[in-house]
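Asker: The file below is upload.cif, mmCIF, C-alpha atoms:
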data_input
#
loop_
_atom_site.group_PDB
_atom_site.id
_atom_site.type_symbol
_atom_site.label_atom_id
_atom_site.label_comp_id
_atom_site.auth_asym_id
_atom_site.auth_seq_id
_atom_site.Cartn_x
_atom_site.Cartn_y
_atom_site.Cartn_z
ATOM 1 C CA MET A 1 27.016 13.771 15.895
ATOM 2 C CA MET A 2 23.521 12.449 15.345
ATOM 3 C CA LYS A 3 22.506 9.777 17.839
ATOM 4 C CA LYS A 4 22.198 6.243 16.434
ATOM 5 C CA GLU A 5 18.460 6.087 17.114
ATOM 6 C CA SER A 6 17.858 9.474 15.467
ATOM 7 C CA LEU A 7 19.865 8.379 12.423
ATOM 8 C CA MET A 8 17.815 5.191 12.145
ATOM 9 C CA ILE A 9 14.598 7.200 12.298
ATOM 10 C CA VAL A 10 15.763 9.542 9.526
ATOM 11 C CA LEU A 11 16.910 6.618 7.376
ATOM 12 C CA SER A 12 13.618 4.788 7.963
ATOM 13 C CA TYR A 13 11.613 7.807 6.822
ATOM 14 C CA MET A 14 13.774 8.147 3.705
ATOM 15 C CA ILE A 15 13.246 4.464 2.912
ATOM 16 C CA ILE A 16 9.450 4.453 3.197
ATOM 17 C CA TYR A 17 9.196 7.763 1.314
ATOM 18 C CA LEU A 18 11.340 6.654 -1.615
ATOM 19 C CA VAL A 19 10.639 2.922 -1.723
ATOM 20 C CA TRP A 20 6.873 3.012 -1.236
ATOM 21 C CA GLY A 21 6.639 5.955 -3.603
ATOM 22 C CA SER A 22 8.548 3.985 -6.255
ATOM 23 C CA THR A 23 6.808 0.635 -5.736
ATOM 24 C CA TYR A 24 4.050 1.439 -8.229
ATOM 25 C CA PHE A 25 6.612 2.234 -10.934
ATOM 26 C CA PHE A 26 8.444 -1.056 -10.370
ATOM 27 C CA ILE A 27 5.148 -2.993 -10.397
ATOM 28 C CA LYS A 28 4.505 -1.448 -13.827
ATOM 29 C CA MET A 29 7.949 -2.626 -14.977
ATOM 30 C CA THR A 30 7.367 -6.116 -13.632
ATOM 31 C CA VAL A 31 3.926 -6.761 -15.162
ATOM 32 C CA GLU A 32 5.244 -5.972 -18.645
ATOM 33 C CA THR A 33 6.353 -9.601 -19.090
ATOM 34 C CA ILE A 34 5.705 -11.423 -15.784
ATOM 35 C CA PRO A 35 2.177 -12.720 -14.934
ATOM 36 C CA PRO A 36 0.674 -11.168 -11.760
ATOM 37 C CA PHE A 37 0.509 -14.380 -9.735
ATOM 38 C CA TYR A 38 4.201 -15.040 -10.398
ATOM 39 C CA ILE A 39 4.900 -11.615 -8.896
ATOM 40 C CA LEU A 40 2.740 -12.346 -5.845
ATOM 41 C CA SER A 41 4.351 -15.764 -5.441
ATOM 42 C CA VAL A 42 7.989 -14.633 -5.560
ATOM 43 C CA ARG A 43 7.508 -11.363 -3.682
ATOM 44 C CA TRP A 44 5.545 -12.706 -0.742
ATOM 45 C CA LEU A 45 7.300 -16.067 -0.401
ATOM 46 C CA PHE A 46 10.584 -14.173 -0.097
ATOM 47 C CA GLY A 47 9.130 -11.548 2.242
ATOM 48 C CA GLY A 48 7.332 -14.091 4.430
ATOM 49 C CA LEU A 49 10.351 -16.334 4.872
ATOM 50 C CA LEU A 50 12.597 -13.310 5.518
ATOM 51 C CA PHE A 51 10.335 -11.839 8.202
ATOM 52 C CA LEU A 52 9.801 -15.141 10.003
ATOM 53 C CA LEU A 53 13.543 -15.817 9.888
ATOM 54 C CA LEU A 54 14.273 -12.382 11.362
ATOM 55 C CA ALA A 55 11.713 -13.001 14.119
ATOM 56 C CA LEU A 56 13.310 -16.378 14.859
ATOM 57 C CA VAL A 57 16.854 -14.943 14.982
ATOM 58 C CA ARG A 58 15.709 -12.129 17.278
ATOM 59 C CA GLY A 59 13.909 -14.598 19.546
ATOM 60 C CA LYS A 60 10.576 -12.871 18.930
ATOM 61 C CA ILE A 61 8.679 -15.870 17.576
ATOM 62 C CA LYS A 62 7.883 -17.082 21.119
ATOM 63 C CA PRO A 63 5.302 -17.607 22.268
ATOM 64 C CA LEU A 64 4.325 -19.456 19.121
ATOM 65 C CA PRO A 65 1.258 -17.951 17.401
ATOM 66 C CA LYS A 66 -2.059 -19.452 18.443
ATOM 67 C CA ILE A 67 -4.451 -20.899 15.866
ATOM 68 C CA ARG A 68 -6.766 -17.910 16.301
ATOM 69 C CA GLU A 69 -3.865 -15.520 15.691
ATOM 70 C CA MET A 70 -2.762 -17.434 12.602
ATOM 71 C CA LEU A 71 -6.297 -17.403 11.162
ATOM 72 C CA SER A 72 -6.530 -13.657 11.772
ATOM 73 C CA SER A 73 -3.205 -13.111 10.004
ATOM 74 C CA ILE A 74 -4.326 -15.270 7.087
ATOM 75 C CA LEU A 75 -7.555 -13.279 6.725
ATOM 76 C CA LEU A 76 -5.736 -9.953 6.885
ATOM 77 C CA GLY A 77 -3.071 -11.182 4.483
ATOM 78 C CA SER A 78 -5.728 -12.268 2.002
ATOM 79 C CA LEU A 79 -7.401 -8.852 2.134
ATOM 80 C CA LEU A 80 -4.171 -6.822 2.064
ATOM 81 C CA LEU A 81 -1.944 -8.779 -0.273
ATOM 82 C CA ILE A 82 -4.370 -10.604 -2.589
ATOM 83 C CA GLY A 83 -7.416 -8.333 -2.549
ATOM 84 C CA GLY A 84 -5.340 -5.169 -2.163
ATOM 85 C CA ASN A 85 -1.883 -5.585 -3.679
ATOM 86 C CA GLY A 86 -3.008 -8.353 -6.058
ATOM 87 C CA LEU A 87 -5.764 -6.282 -7.667
ATOM 88 C CA ILE A 88 -3.368 -3.351 -7.969
ATOM 89 C CA ILE A 89 -0.880 -5.524 -9.852
ATOM 90 C CA PHE A 90 -3.609 -6.665 -12.251
ATOM 91 C CA ALA A 91 -4.786 -3.052 -12.697
ATOM 92 C CA GLU A 92 -1.282 -1.831 -13.536
ATOM 93 C CA ARG A 93 -1.180 -4.040 -16.617
ATOM 94 C CA GLU A 94 -3.314 -1.300 -18.197
ATOM 95 C CA LEU A 95 -3.106 1.751 -15.914
ATOM 96 C CA ASP A 96 -0.093 4.036 -15.510
ATOM 97 C CA SER A 97 1.779 3.594 -12.245
ATOM 98 C CA TYR A 98 1.270 7.176 -10.994
ATOM 99 C CA HIS A 99 -2.476 6.887 -11.707
ATOM 100 C CA VAL A 100 -2.780 3.881 -9.403
ATOM 101 C CA ALA A 101 -0.588 5.544 -6.762
ATOM 102 C CA LEU A 102 -2.877 8.571 -6.636
ATOM 103 C CA ILE A 103 -5.970 6.403 -6.264
ATOM 104 C CA LEU A 104 -4.283 4.514 -3.382
ATOM 105 C CA ALA A 105 -3.275 7.818 -1.753
ATOM 106 C CA SER A 106 -6.857 8.101 -0.530
ATOM 107 C CA THR A 107 -6.469 5.003 1.687
ATOM 108 C CA PRO A 108 -6.624 6.990 4.996
ATOM 109 C CA LEU A 109 -9.957 8.428 3.863
ATOM 110 C CA ILE A 110 -11.363 4.983 3.124
ATOM 111 C CA VAL A 111 -10.089 3.654 6.468
ATOM 112 C CA ALA A 112 -11.953 6.459 8.271
ATOM 113 C CA VAL A 113 -15.175 5.467 6.494
ATOM 114 C CA PHE A 114 -14.752 1.792 7.420
ATOM 115 C CA ASN A 115 -13.928 2.739 11.026
ATOM 116 C CA ARG A 116 -17.193 4.643 11.186
ATOM 117 C CA VAL A 117 -19.275 1.864 9.560
ATOM 118 C CA LEU A 118 -17.710 -1.095 11.376
ATOM 119 C CA PHE A 119 -16.858 0.323 14.801
ATOM 120 C CA SER A 120 -18.918 3.544 15.053
ATOM 121 C CA ILE A 121 -15.751 5.605 15.487
ATOM 122 C CA ARG A 122 -16.762 9.262 15.357
ATOM 123 C CA VAL A 123 -15.666 11.285 12.352
ATOM 124 C CA THR A 124 -15.445 15.030 12.983
ATOM 125 C CA LEU A 125 -16.789 17.606 10.565
ATOM 126 C CA VAL A 126 -13.257 18.544 9.497
ATOM 127 C CA ARG A 127 -12.536 14.909 8.646
ATOM 128 C CA VAL A 128 -15.824 14.594 6.763
ATOM 129 C CA LEU A 129 -14.729 17.540 4.642
ATOM 130 C CA GLY A 130 -11.403 15.766 4.101
ATOM 131 C CA ILE A 131 -13.173 12.593 2.971
ATOM 132 C CA LEU A 132 -15.371 14.559 0.559
ATOM 133 C CA ALA A 133 -12.370 16.408 -0.881
ATOM 134 C CA GLY A 134 -10.439 13.149 -1.317
ATOM 135 C CA VAL A 135 -13.342 11.338 -2.968
ATOM 136 C CA ALA A 136 -13.847 14.293 -5.318
ATOM 137 C CA GLY A 137 -10.132 14.183 -6.176
ATOM 138 C CA VAL A 138 -10.253 10.467 -7.004
ATOM 139 C CA ALA A 139 -13.391 11.070 -9.108
ATOM 140 C CA PHE A 140 -11.493 13.668 -11.150
ATOM 141 C CA LEU A 141 -8.649 11.185 -11.681
ATOM 142 C CA LEU A 142 -11.032 8.479 -12.885
ATOM 143 C CA TYR A 143 -13.177 10.627 -15.179
ATOM 144 C CA ASP A 144 -12.043 10.392 -18.808
ATOM 145 C CA GLY A 145 -13.927 13.497 -19.937
ATOM 146 C CA ARG A 146 -16.588 11.571 -21.821
ATOM 147 C CA SER A 147 -18.977 9.609 -19.584
ATOM 148 C CA LEU A 148 -19.114 7.722 -16.289
ATOM 149 C CA GLY A 149 -19.608 4.409 -18.071
ATOM 150 C CA SER A 150 -16.549 4.786 -20.286
ATOM 151 C CA SER A 151 -14.493 5.927 -17.279
ATOM 152 C CA LEU A 152 -15.175 2.769 -15.244
ATOM 153 C CA LYS A 153 -12.988 0.403 -17.237
ATOM 154 C CA PRO A 154 -12.153 -3.051 -15.764
ATOM 155 C CA GLU A 155 -8.681 -1.913 -14.662
ATOM 156 C CA ILE A 156 -10.205 1.106 -12.890
ATOM 157 C CA VAL A 157 -12.672 -1.158 -11.092
ATOM 158 C CA MET A 158 -9.778 -3.427 -10.024
ATOM 159 C CA ALA A 159 -7.825 -0.439 -8.666
ATOM 160 C CA ILE A 160 -10.868 0.715 -6.691
ATOM 161 C CA GLY A 161 -11.395 -2.854 -5.456
ATOM 162 C CA GLY A 162 -7.779 -2.966 -4.302
ATOM 163 C CA LEU A 163 -8.239 0.346 -2.481
ATOM 164 C CA LEU A 164 -11.383 -0.891 -0.707
ATOM 165 C CA SER A 165 -9.841 -4.250 0.238
ATOM 166 C CA TRP A 166 -6.692 -2.601 1.650
ATOM 167 C CA GLY A 167 -8.749 -0.012 3.544
ATOM 168 C CA PHE A 168 -11.121 -2.630 4.952
ATOM 169 C CA ALA A 169 -8.223 -4.789 6.165
ATOM 170 C CA THR A 170 -6.452 -1.777 7.687
ATOM 171 C CA SER A 171 -9.570 -0.876 9.658
ATOM 172 C CA LEU A 172 -10.306 -4.473 10.640
ATOM 173 C CA GLY A 173 -6.692 -5.163 11.625
ATOM 174 C CA HIS A 174 -6.900 -2.999 14.746
ATOM 175 C CA ARG A 175 -9.503 -5.354 16.217
ATOM 176 C CA MET A 176 -8.160 -8.739 15.053
ATOM 177 C CA PRO A 177 -6.268 -10.991 17.521
ATOM 178 C CA VAL A 178 -2.798 -11.355 15.953
ATOM 179 C CA HIS A 179 0.645 -12.253 17.295
ATOM 180 C CA LYS A 180 2.123 -9.414 19.361
ATOM 181 C CA GLU A 181 5.332 -9.404 17.273
ATOM 182 C CA SER A 182 4.638 -7.524 14.034
ATOM 183 C CA PHE A 183 7.341 -9.457 12.132
ATOM 184 C CA VAL A 184 5.586 -12.751 12.955
ATOM 185 C CA ASN A 185 2.168 -11.388 12.002
ATOM 186 C CA SER A 186 3.470 -9.910 8.737
ATOM 187 C CA GLY A 187 5.515 -13.033 7.987
ATOM 188 C CA ILE A 188 2.459 -15.280 8.300
ATOM 189 C CA GLN A 189 0.463 -12.979 6.025
ATOM 190 C CA MET A 190 3.173 -12.877 3.353
ATOM 191 C CA LEU A 191 4.008 -16.574 3.489
ATOM 192 C CA PHE A 192 0.351 -17.635 3.209
ATOM 193 C CA VAL A 193 -0.243 -15.387 0.196
ATOM 194 C CA GLY A 194 3.020 -16.561 -1.384
ATOM 195 C CA ILE A 195 2.006 -20.225 -0.996
ATOM 196 C CA VAL A 196 -1.514 -19.626 -2.358
ATOM 197 C CA SER A 197 -0.118 -17.669 -5.316
ATOM 198 C CA THR A 198 2.393 -20.452 -6.039
ATOM 199 C CA ILE A 199 -0.457 -22.998 -6.098
ATOM 200 C CA VAL A 200 -2.475 -20.780 -8.460
ATOM 201 C CA VAL A 201 0.549 -20.354 -10.750
ATOM 202 C CA SER A 202 1.097 -24.121 -10.889
ATOM 203 C CA PHE A 203 -2.447 -24.632 -12.218
ATOM 204 C CA THR A 204 -2.784 -21.581 -14.485
ATOM 205 C CA ASN A 205 0.681 -21.005 -15.982
ATOM 206 C CA PRO A 206 3.378 -23.084 -17.679
ATOM 207 C CA PRO A 207 6.266 -24.288 -15.482
ATOM 208 C CA PHE A 208 8.520 -21.493 -14.241
ATOM 209 C CA ALA A 209 11.555 -22.899 -16.084
ATOM 210 C CA GLU A 210 9.709 -22.519 -19.409
ATOM 211 C CA THR A 211 8.123 -19.140 -18.679
ATOM 212 C CA PHE A 212 11.316 -17.614 -17.275
ATOM 213 C CA LEU A 213 12.817 -17.423 -20.759
ATOM 214 C CA PHE A 214 10.171 -14.878 -21.764
ATOM 215 C CA PHE A 215 10.757 -12.542 -18.800
ATOM 216 C CA SER A 216 12.562 -9.354 -19.788
ATOM 217 C CA LEU A 217 15.566 -8.114 -17.816
ATOM 218 C CA ARG A 218 13.586 -4.960 -17.020
ATOM 219 C CA SER A 219 10.756 -7.000 -15.475
ATOM 220 C CA LEU A 220 13.181 -9.173 -13.503
ATOM 221 C CA ILE A 221 14.843 -6.068 -12.067
ATOM 222 C CA GLY A 222 11.406 -4.849 -11.003
ATOM 223 C CA LEU A 223 10.610 -8.192 -9.373
ATOM 224 C CA VAL A 224 13.882 -8.244 -7.408
ATOM 225 C CA TYR A 225 13.237 -4.678 -6.273
ATOM 226 C CA LEU A 226 9.722 -5.520 -5.055
ATOM 227 C CA ALA A 227 10.858 -8.655 -3.206
ATOM 228 C CA ALA A 228 14.053 -7.335 -1.599
ATOM 229 C CA VAL A 229 13.798 -3.553 -1.298
ATOM 230 C CA GLY A 230 10.047 -3.694 -0.651
ATOM 231 C CA SER A 231 10.686 -5.924 2.362
ATOM 232 C CA LEU A 232 13.287 -3.448 3.616
ATOM 233 C CA ALA A 233 10.659 -0.695 3.500
ATOM 234 C CA PHE A 234 8.252 -2.799 5.528
ATOM 235 C CA ALA A 235 10.982 -3.339 8.130
ATOM 236 C CA ALA A 236 11.604 0.437 8.225
ATOM 237 C CA TYR A 237 7.891 1.004 8.728
ATOM 238 C CA ASN A 238 7.842 -1.414 11.661
ATOM 239 C CA TYR A 239 10.807 0.438 13.193
ATOM 240 C CA LEU A 240 8.987 3.769 12.927
ATOM 241 C CA ILE A 241 5.863 2.327 14.540
ATOM 242 C CA ALA A 242 7.979 1.482 17.589
ATOM 243 C CA HIS A 243 9.781 4.855 17.771
ATOM 244 C CA GLU A 244 7.611 7.570 16.194
ATOM 245 C CA PRO A 245 4.084 8.978 16.699
ATOM 246 C CA SER A 246 1.530 7.764 14.141
ATOM 247 C CA ASN A 247 0.587 11.280 13.004
ATOM 248 C CA ARG A 248 4.186 11.780 11.849
ATOM 249 C CA ILE A 249 4.550 8.348 10.244
ATOM 250 C CA VAL A 250 1.513 8.844 7.985
ATOM 251 C CA SER A 251 3.319 11.736 6.314
ATOM 252 C CA TYR A 252 4.283 9.124 3.700
ATOM 253 C CA SER A 253 0.729 9.534 2.369
ATOM 254 C CA PHE A 254 1.727 12.966 1.063
ATOM 255 C CA VAL A 255 5.186 12.069 -0.215
ATOM 256 C CA ASN A 256 4.497 8.745 -1.978
ATOM 257 C CA PRO A 257 2.083 10.152 -4.607
ATOM 258 C CA VAL A 258 4.560 12.903 -5.507
ATOM 259 C CA ILE A 259 7.384 10.348 -5.935
ATOM 260 C CA ALA A 260 5.091 8.160 -8.044
ATOM 261 C CA VAL A 261 4.083 11.063 -10.313
ATOM 262 C CA ILE A 262 7.725 12.149 -10.822
ATOM 263 C CA LEU A 263 8.837 8.605 -11.690
ATOM 264 C CA GLY A 264 5.836 7.985 -13.922
ATOM 265 C CA PHE A 265 6.249 11.184 -15.940
ATOM 266 C CA PHE A 266 10.011 11.635 -16.130
ATOM 267 C CA VAL A 267 11.239 8.015 -16.091
ATOM 268 C CA GLY A 268 8.293 5.998 -17.374
ATOM 269 C CA ASN A 269 7.088 8.562 -19.953
ATOM 270 C CA GLU A 270 3.527 8.106 -18.713
ATOM 271 C CA LYS A 271 0.767 10.434 -19.883
ATOM 272 C CA ALA A 272 -1.313 12.655 -17.613
ATOM 273 C CA VAL A 273 -5.008 11.814 -17.260
ATOM 274 C CA PRO A 274 -7.353 14.670 -18.320
ATOM 275 C CA PHE A 275 -8.101 16.016 -14.826
ATOM 276 C CA LEU A 276 -4.859 15.188 -13.013
ATOM 277 C CA PHE A 277 -4.181 18.743 -11.875
ATOM 278 C CA ALA A 278 -7.677 19.052 -10.448
ATOM 279 C CA GLY A 279 -7.668 15.658 -8.720
ATOM 280 C CA LEU A 280 -4.174 15.692 -7.171
ATOM 281 C CA PRO A 281 -4.631 18.899 -5.100
ATOM 282 C CA LEU A 282 -8.026 17.695 -3.852
ATOM 283 C CA ILE A 283 -6.583 14.364 -2.710
ATOM 284 C CA LEU A 284 -3.706 16.075 -0.893
ATOM 285 C CA LEU A 285 -6.149 18.548 0.685
ATOM 286 C CA GLY A 286 -8.350 15.669 1.805
ATOM 287 C CA LEU A 287 -5.370 13.874 3.348
ATOM 288 C CA PHE A 288 -4.278 17.028 5.156
ATOM 289 C CA LEU A 289 -7.750 17.607 6.613
ATOM 290 C CA MET A 290 -8.009 13.944 7.638
ATOM 291 C CA LEU A 291 -4.610 13.740 9.312
ATOM 292 C CA TYR A 292 -4.025 17.241 10.666
ATOM 293 C CA GLY A 293 -7.266 19.194 10.205
ATOM 294 C CA ASP A 294 -8.572 18.696 13.740
ATOM 295 C CA ALA A 295 -5.268 19.739 15.305
ATOM 296 C CA VAL A 296 -5.092 22.892 13.171
ATOM 297 C CA PHE A 297 -8.737 23.741 13.868
ATOM 298 C CA ASN A 298 -8.316 23.250 17.638
ATOM 299 C CA ARG A 299 -5.179 25.396 17.669
ATOM 300 C CA LEU A 300 -6.886 28.200 15.765
ATOM 301 C CA ARG A 301 -9.859 28.049 18.108
ATOM 302 C CA ALA A 302 -7.542 28.160 21.145
ATOM 303 C CA THR A 303 -5.745 31.272 19.880
ATOM 304 C CA LYS A 304 -9.055 33.109 19.528
ATOM 305 C CA GLN A 305 -10.119 32.417 23.100
#
Will you turn the file into structure tokens for me?

Answerer:
Amino acid sequence: MMKKESLMIVLSYMIIYLVWGSTYFFIKMTVETIPPFYILSVRWLFGGLLFLLLALVRGKIKPLPKIREMLSSILLGSLLLIGGNGLIIFAERELDSYHVALILASTPLIVAVFNRVLFSIRVTLVRVLGILAGVAGVAFLLYDGRSLGSSLKPEIVMAIGGLLSWGFATSLGHRMPVHKESFVNSGIQMLFVGIVSTIVVSFTNPPFAETFLFFSLRSLIGLVYLAAVGSLAFAAYNYLIAHEPSNRIVSYSFVNPVIAVILGFFVGNEKAVPFLFAGLPLILLGLFLMLYGDAVFNRLRATKQ
């Protein structure tokens, strides 16, 4: 019999592989009839309240977060969930879900660049090669076969902006003073973004009771999935952080794009961009070199000595 902890680890990996890989597809479903700020409002209000409630029930909310910790969480939440996730939602009104997922697959590469620029963290030659391969892969995905100008459409720029904002926050987050309990930190981020999005909706959209009538069942299913199942994936991710090495956890970077492509093509009937089969291998190669290249290189060098 598998031990309880081992079973939880396996289940957590399955959840973040499948759920995070499918998130882009469900965002695409949701934005078909629901305005982006409605999505941000419902998703993050639900997630924020859920996480803070779980922290309270587990007795992890004490000590109460300090003002400095709350401000750090608010800044990170703004970068991750408005600048990152928010721009992605806006971009998916025009872009196919798998296309956005592949662009976001290069996040570890962008984080390495920000770590170098902000904190002078050394990047080895193998990782530099990984960054170059990943950037080349994203360039292939973005190029429409005609010209650079025609390739950089507003939705493409928003997707790139979301990638940069998420990567910047991920790099910055390691140095920001936040509450030691990840559920409290994440809950503050989500709740703040949910409240801000609700305020924006109240000034820019008709009342929810009027707009709700125009939401399709398909979009509502997507919204429920993002709010409920998406929160479950975040909880699974937190569990893995506490029980698994980081180099194993980041394996989701390889699996999520594949899940997104399968869902986009075979369920969403999305069309392949011109250079998909040139860009996808380069991105995966770049991720491999970034995450495991040094270990492989050091092992090969050790066997030769």

Asker: How would you write, as a ChimeraX atom specification, the residues chosen by the PyMOL selection byres ((chain A and resi 179) around 9) on this structure?

Answerer: /A:61,63-66,69-70,73,177-178,180-185

Asker: I need the chosen residues saved as an mmCIF file, in the coordinates of the input, with C-alpha atoms.

Answerer:
data_model
loop_
_atom_site.group_PDB
_atom_site.id
_atom_site.type_symbol
_atom_site.label_atom_id
_atom_site.label_comp_id
_atom_site.auth_asym_id
_atom_site.auth_seq_id
_atom_site.Cartn_x
_atom_site.Cartn_y
_atom_site.Cartn_z
ATOM 1 C CA ILE A 61 8.679 -15.870 17.576
ATOM 2 C CA PRO A 63 5.302 -17.607 22.268
ATOM 3 C CA LEU A 64 4.325 -19.456 19.121
ATOM 4 C CA PRO A 65 1.258 -17.951 17.401
ATOM 5 C CA LYS A 66 -2.059 -19.452 18.443
ATOM 6 C CA GLU A 69 -3.865 -15.520 15.691
ATOM 7 C CA MET A 70 -2.762 -17.434 12.602
ATOM 8 C CA SER A 73 -3.205 -13.111 10.004
ATOM 9 C CA PRO A 177 -6.268 -10.991 17.521
ATOM 10 C CA VAL A 178 -2.798 -11.355 15.953
ATOM 11 C CA LYS A 180 2.123 -9.414 19.361
ATOM 12 C CA GLU A 181 5.332 -9.404 17.273
ATOM 13 C CA SER A 182 4.638 -7.524 14.034
ATOM 14 C CA PHE A 183 7.341 -9.457 12.132
ATOM 15 C CA VAL A 184 5.586 -12.751 12.955
ATOM 16 C CA ASN A 185 2.168 -11.388 12.002
#

Asker: I'd like to know which of A:Leu280, A:Ala260, A:Ala233, A:Ile221 is closest to A:Glu32, using all atoms listed in the file.

Answerer: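 Once distances to A:Glu32 are computed over all atoms listed in the file, the minimum belongs to A:Ile221.
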
Asker: In Å, rounded to a single decimal, give me how far atom CA of A:Ile199 is from atom CA of A:Phe46.

Answerer: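 So the two atoms, atom CA of A:Phe46 and atom CA of A:Ile199, lie 15.4 Å apart.
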
Asker: Kindly indicate which residue among A:Gly222, A:Gly187, A:Gly286, A:Pro206 lies nearest to A:Phe51, using only C-alpha atoms for the distances.

Answerer: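 Going through A:Gly222, A:Gly187, A:Gly286, A:Pro206 one by one, the smallest distance to A:Phe51 is for A:Gly187.
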
Asker: Box time for stretch 193-209 of chain A: axis-aligned, enclosing all its listed atoms, 4 Å extra on each side; report centre and edge lengths in Å to one decimal, as JSON.

Answerer:
{"center_x": 4.4, "center_y": -20.0, "center_z": -8.7, "size_x": 22.3, "size_y": 17.2, "size_z": 25.9}

Asker: Just to confirm, what's the straight-line distance from atom CA of A:Ala236 to atom CA of A:Val267 in Å (one decimal)?

Answerer: 25.5 Å

Asker: What would the selection look like, as a CSV table (one decimal) with C-alpha atoms, keeping the file's coordinate frame, if the PyMOL selection byres ((chain A and resi 290) around 8) were run on the coordinates I just shared?

Answerer:
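File produced: expr-v9.csv:
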chain,number,residue,atom,x,y,z
A,108,PRO,CA,-6.6,7.0,5.0
A,109,LEU,CA,-10.0,8.4,3.9
A,126,VAL,CA,-13.3,18.5,9.5
A,127,ARG,CA,-12.5,14.9,8.6
A,128,VAL,CA,-15.8,14.6,6.8
A,130,GLY,CA,-11.4,15.8,4.1
A,131,ILE,CA,-13.2,12.6,3.0
A,286,GLY,CA,-8.4,15.7,1.8
A,287,LEU,CA,-5.4,13.9,3.3
A,288,PHE,CA,-4.3,17.0,5.2
A,289,LEU,CA,-7.8,17.6,6.6
A,291,LEU,CA,-4.6,13.7,9.3
A,292,TYR,CA,-4.0,17.2,10.7
A,293,GLY,CA,-7.3,19.2,10.2
A,294,ASP,CA,-8.6,18.7,13.7
